[in-house]
Structures are given as C-alpha cells and as structure tokens.
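To start, the structure itself, in structure tokens.
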Amino acid sequence: MRWNARAYDSSFGYVSAQGAPLVELLDPQPGERVLDLGCGTGVLTAEIASRGARVLGIDGSHSMIETALAQFPGLDFTVGDGADFTVAQPYDAVFSNAALHWMSRDPDAVLDCVRMALRPGGRFVGELGGAGNCAALTSAMLTAWREYGLREPELPWYFPSPAEYAVRLERAGFTVRLVEYFDRPTPLDECPNGAADWVRMFAHSLLDGVPVGTVEPLLRRVNELAAPALRRESGWMADYVRLRFAAERS
C-alpha cells in the first residue's frame with residue numbers, strides 16, 4: 001500500500017483525532033516504554049509521548065515515517081512490517097490505532113510479533129475496523145467494478161468480528177480485558193467528491209489495474225451507488241464500524 005502522507009493528514013486527519021479515546025484507554029504513564037504500531041504520521045505517538053512515556057513509532061510506509069520524523073523530530077520512528085518486526089528490549093505496552101486492519105496478510109503473525117515485543121503482563125491496546133466496516137462503501141465499489149466488466153478487486157483489509165479477534169488474541173497468548181464493538185459514522189468533511197475521494201486515499205491500489213480512461217467514470221459510478229446510503233444534507237459519511245480492545249500478555 002502506497003500512502004500520500006500529506007493528503008492523509010490534510011483530508012483524513014479524523015483518523016488520528018478519533019484515536020484520542022484509545023490513548024485514554026492506554027493511559028500511558030511517565031517512564032513507560034510504548035510501541036505505536038502503525039503510527040502513520042506520528043500524531044498519536046506524540047500525544048503518548050506528551051504523557052511522559054518513551055515511544056517508538058513503527059509504520060510500513062516510508063512516506064508516513066518521513067512525515068512523522070519531520071513533524072516530531074524529537075521522537076523515534078522507524079519503518080517496519082507489522083507481521084515481521086523485533087525489538088531490542090521489551091515494551092510495557094503496544095498501541096495501535098486504525099492500522100491493524102491493514103495488516104491483513106497474516107494477522108496471527110502480527111499478534112505474535114506484538115506478544116514478543118511486550119514484557120510479561122504488558123498490555124496491548126488497539127482499535128481497528130470491525131466486521132461490517134465500510135460495508136456500503138465496499139458494496140458500491142464492487143458493484144461498480146462489475147458493471148464496468150473489471151475483475152473483482154481483492155480488498156486489502158481485515159475486518160474481524162469481536163469473537164474472532166478475541167479468539168486470535170487468546171490463541172496468541174493474550175488475556176483479553178476489554179472488547180468494544182460499535183458503529184461510528186464519520187463525516188467526510190474534506191472529501192468534496194465523497195466516496196470517490198475515500199477510494200482514492202484508502203483503496204487507491206485497486207485503481208492500479210483500471211484503464212486510465214475508465215478511472216473517473218468508475219469513481220463517479222461508485223459515488224452514485226454509495227450516495228443513497230452515505231450522502232446526507234450535511235455531506236458525505238463513511239460507514240465505519242470499530243473494534244476496540246485491551247489485552248495483556250499472559
């Protein structure tokens with residue numbers, strides 16, 4: 001997945017802004033070592049550090065890490081694969097906001113890496129898209145692709161149910177302390193082209209195989225299909241469903 005870090009911050013800054021309750025759930029303490037997995041441009045990494053914790057931000061995107069280093073030069077960031085990373089010393093906590101659903105290739109490998117990064121009793125606090133996340137958006141995309149005679153795209157996300165993810169956590173050696181599953185319709189205030197803008201940011205890899213002359217009409221059709229469910233008088237909404245959890249390494 002290739003990210004446009006500047007567009008992510010300017011048009012989709014709500015991703016970080018809505019992570020504030022997750023930071024409260026983490027409750028970082030002065031002197032704690034915290035790893036921010038999928039840190040993006042580092043906004044929440046900096047918030048955790050402001051509580052006195054020592055934080056390392058990891059993200060698979062070079063552009064995200066470059067932006068994070070430029071914005072927060074006093075903090076530590078590195079490029080890393082969520083399913084294949086190691087740390088020199090164990091951490092007190094691993095934190096992850098809106099990133100785990102992108103680590104879809106091998107979710108169990110991600111959990112194994114997290115467990116190995118934590119000290120015994122260390123906590124894992126995260127939020128990701130849950131089952132049903134972006135259902136109207138993805139339905140509109142798949143229908144539009146079919147209508148244009150394109151091969152059905154392989155969606156890049158992993159949106160588990162609460163039960164499925166709790167089982168994964170327990171199997172990986174965690175004790176689950178909290179699981180919350182809730183709808184969070186989110187205004188797309190900075191998306192004048194609605195669902196099309198969302199696709200360009202969060203599913204742009206699916207456009208790579210689309211003929212250049214087909215991209216714009218295809219995205220217009222996505223908007224037409226998504227509008228009945230997602231366009232309001234006040235603007236476009238994203239039909240987000242979130243899964244929030246807290247667990248401890250057993």
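Note on naming: chains are A, B, ... as they come in the structure tokens, residues start from 1 per chain, ligands start from 1 in the order shown.
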
### Task
Write out as a list in words which residues come within 12 Å of Ala226 (chain A) when counting only C-alpha atoms, dropping same-chain ones fewer than 4 positions away.
Cys134, Ala135, Ala136, Leu137, Thr138, Ser139, Ala140, Met141, Leu142, Thr143, Ala144, Asn193, Gly194, Ala195, Ala196, Trp198, Val199, Leu219, Arg220, Arg221, Val222, Leu230, Arg231, Arg232, Trp236, Met237, Ala238 and Asp239 of chain A

### Message
What parts of region 184-217 of chain A does DSSP call helix (DSSP H, G or I)? I'd like the answer as a list in words.
### Response
Ala195, Ala196, Asp197, Trp198, Val199, Arg200, Met201, Phe202, His204, Ser205, Leu206, Leu207, Val212, Gly213, Thr214, Val215, Glu216 and Pro217 of chain A

### Query
Within 10 Å of Ala46 (chain A), counting only C-alpha atoms, which residues qualify if same-chain residues fewer than 3 places away don't, as an MDAnalysis selection string?
chainID A and resid 36 39 41:43 49:51 53:57 68 71:72 74:76

### Query
Which residue out of A:Leu225, A:Leu37, A:Leu243, A:Leu44 has the minimum interatomic distance to Glu164 (chain A) when only C-alpha atoms are used?
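Smallest distance to Glu164 (chain A) is found for A:Leu243.
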
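The space between CA of Arg168 (chain A) and CA of Ala83 (chain A) spans 14.3 Å.
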
### Query
Mind checking DSSP for region 21-231 of chain A and telling me the strand (DSSP E) residues as an NGL selection string?
:A and (33-37 or 54-59 or 76-79 or 91-97 or 118-129 or 174-187 or 231)

### Message
Give me, as an MDAnalysis selection string, all polymer residues having an atom no more than 12 Å from Asp106 (chain A), counting only C-alpha atoms and skipping those fewer than 2 positions away in the same chain.
### Response
chainID A and resid 81:84 100:104 108:113 156:158 168

May I have the selected residues written with N, CA, C and O atoms, as a short mmCIF file (atom, residue, chain, number, x, y, z; two decimals), in the first residue's frame?
data_model
loop_
_atom_site.label_atom_id
_atom_site.label_comp_id
_atom_site.auth_asym_id
_atom_site.auth_seq_id
_atom_site.Cartn_x
_atom_site.Cartn_y
_atom_site.Cartn_z
N ASP A 81 7.58 -3.78 9.31
CA ASP A 81 6.46 -4.62 8.89
C ASP A 81 5.77 -5.15 10.14
O ASP A 81 6.40 -5.80 10.98
N GLY A 82 4.47 -4.89 10.28
CA GLY A 82 3.74 -5.32 11.46
C GLY A 82 3.75 -6.82 11.67
O GLY A 82 3.58 -7.29 12.81
N ALA A 83 3.95 -7.58 10.61
CA ALA A 83 3.97 -9.04 10.72
C ALA A 83 5.37 -9.61 10.83
O ALA A 83 5.54 -10.83 10.88
N ASP A 84 6.37 -8.73 10.89
CA ASP A 84 7.75 -9.22 10.91
C ASP A 84 8.66 -8.15 11.50
O ASP A 84 9.47 -7.56 10.80
N LEU A 100 -4.29 -2.00 12.34
CA LEU A 100 -4.25 -3.46 12.31
C LEU A 100 -5.07 -4.04 11.16
O LEU A 100 -4.73 -5.11 10.63
N HIS A 101 -6.13 -3.36 10.74
CA HIS A 101 -6.92 -3.91 9.63
C HIS A 101 -6.17 -3.83 8.30
O HIS A 101 -6.56 -4.49 7.33
N TRP A 102 -5.08 -3.04 8.24
CA TRP A 102 -4.24 -3.03 7.04
C TRP A 102 -3.25 -4.18 7.03
O TRP A 102 -2.69 -4.50 5.98
N MET A 103 -3.03 -4.80 8.17
CA MET A 103 -2.04 -5.88 8.27
C MET A 103 -2.76 -7.21 8.04
O MET A 103 -2.80 -8.10 8.88
N SER A 104 -3.32 -7.31 6.84
CA SER A 104 -4.26 -8.39 6.54
C SER A 104 -3.59 -9.65 6.04
O SER A 104 -4.22 -10.71 6.00
N ASP A 108 -2.23 -13.31 12.46
CA ASP A 108 -1.64 -14.07 13.58
C ASP A 108 -0.17 -13.75 13.74
O ASP A 108 0.34 -13.67 14.87
N ALA A 109 0.54 -13.54 12.64
CA ALA A 109 1.96 -13.18 12.72
C ALA A 109 2.11 -11.81 13.39
O ALA A 109 3.06 -11.58 14.14
N VAL A 110 1.18 -10.90 13.12
CA VAL A 110 1.20 -9.58 13.77
C VAL A 110 1.08 -9.75 15.28
O VAL A 110 1.85 -9.16 16.05
N LEU A 111 0.13 -10.56 15.71
CA LEU A 111 -0.07 -10.77 17.14
C LEU A 111 1.14 -11.45 17.78
O LEU A 111 1.50 -11.14 18.92
N ASP A 112 1.76 -12.35 17.05
CA ASP A 112 2.96 -12.99 17.59
C ASP A 112 4.08 -11.96 17.79
O ASP A 112 4.79 -11.99 18.81
N CYS A 113 4.23 -11.05 16.83
CA CYS A 113 5.26 -10.01 16.96
C CYS A 113 4.96 -9.09 18.13
O CYS A 113 5.86 -8.69 18.87
N PRO A 156 -8.12 -4.94 0.47
CA PRO A 156 -6.86 -5.07 1.22
C PRO A 156 -7.01 -5.09 2.73
O PRO A 156 -6.01 -5.01 3.43
N TRP A 157 -8.24 -5.21 3.24
CA TRP A 157 -8.45 -5.04 4.68
C TRP A 157 -8.86 -6.33 5.37
O TRP A 157 -9.38 -7.25 4.75
N TYR A 158 -8.66 -6.33 6.68
CA TYR A 158 -9.10 -7.43 7.54
C TYR A 158 -9.99 -6.83 8.62
O TYR A 158 -9.53 -6.08 9.49
N ARG A 168 -8.33 -14.93 18.40
CA ARG A 168 -6.96 -14.76 17.90
C ARG A 168 -6.04 -14.26 19.01
O ARG A 168 -4.90 -14.73 19.16
#

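Comparing A:Val79, A:Ala163, A:Val34, A:Ala70 by their smallest distance to Asp92 (chain A), the closest is A:Val34 (using only C-alpha atoms).
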
#### Entry: d(CA of Asp197 (chain A), CA of Thr214 (chain A)) in Å
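Computing the Euclidean distance for CA of Asp197 (chain A) and CA of Thr214 (chain A) yields 15.8 Å.
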
#### Entry: Point-to-point distance in Å for CA of Asp59 (chain A) and CA of Arg177 (chain A)
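CA of Arg177 (chain A) sits 25.8 Å away from CA of Asp59 (chain A).
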
### Message
Let me make sure I understand: among A:Glu180, A:Glu248, A:Glu154, A:Glu216, which one has the smallest atom-to-atom distance to Ala203 (chain A) if we use only C-alpha atoms?
### Response
A:Glu154
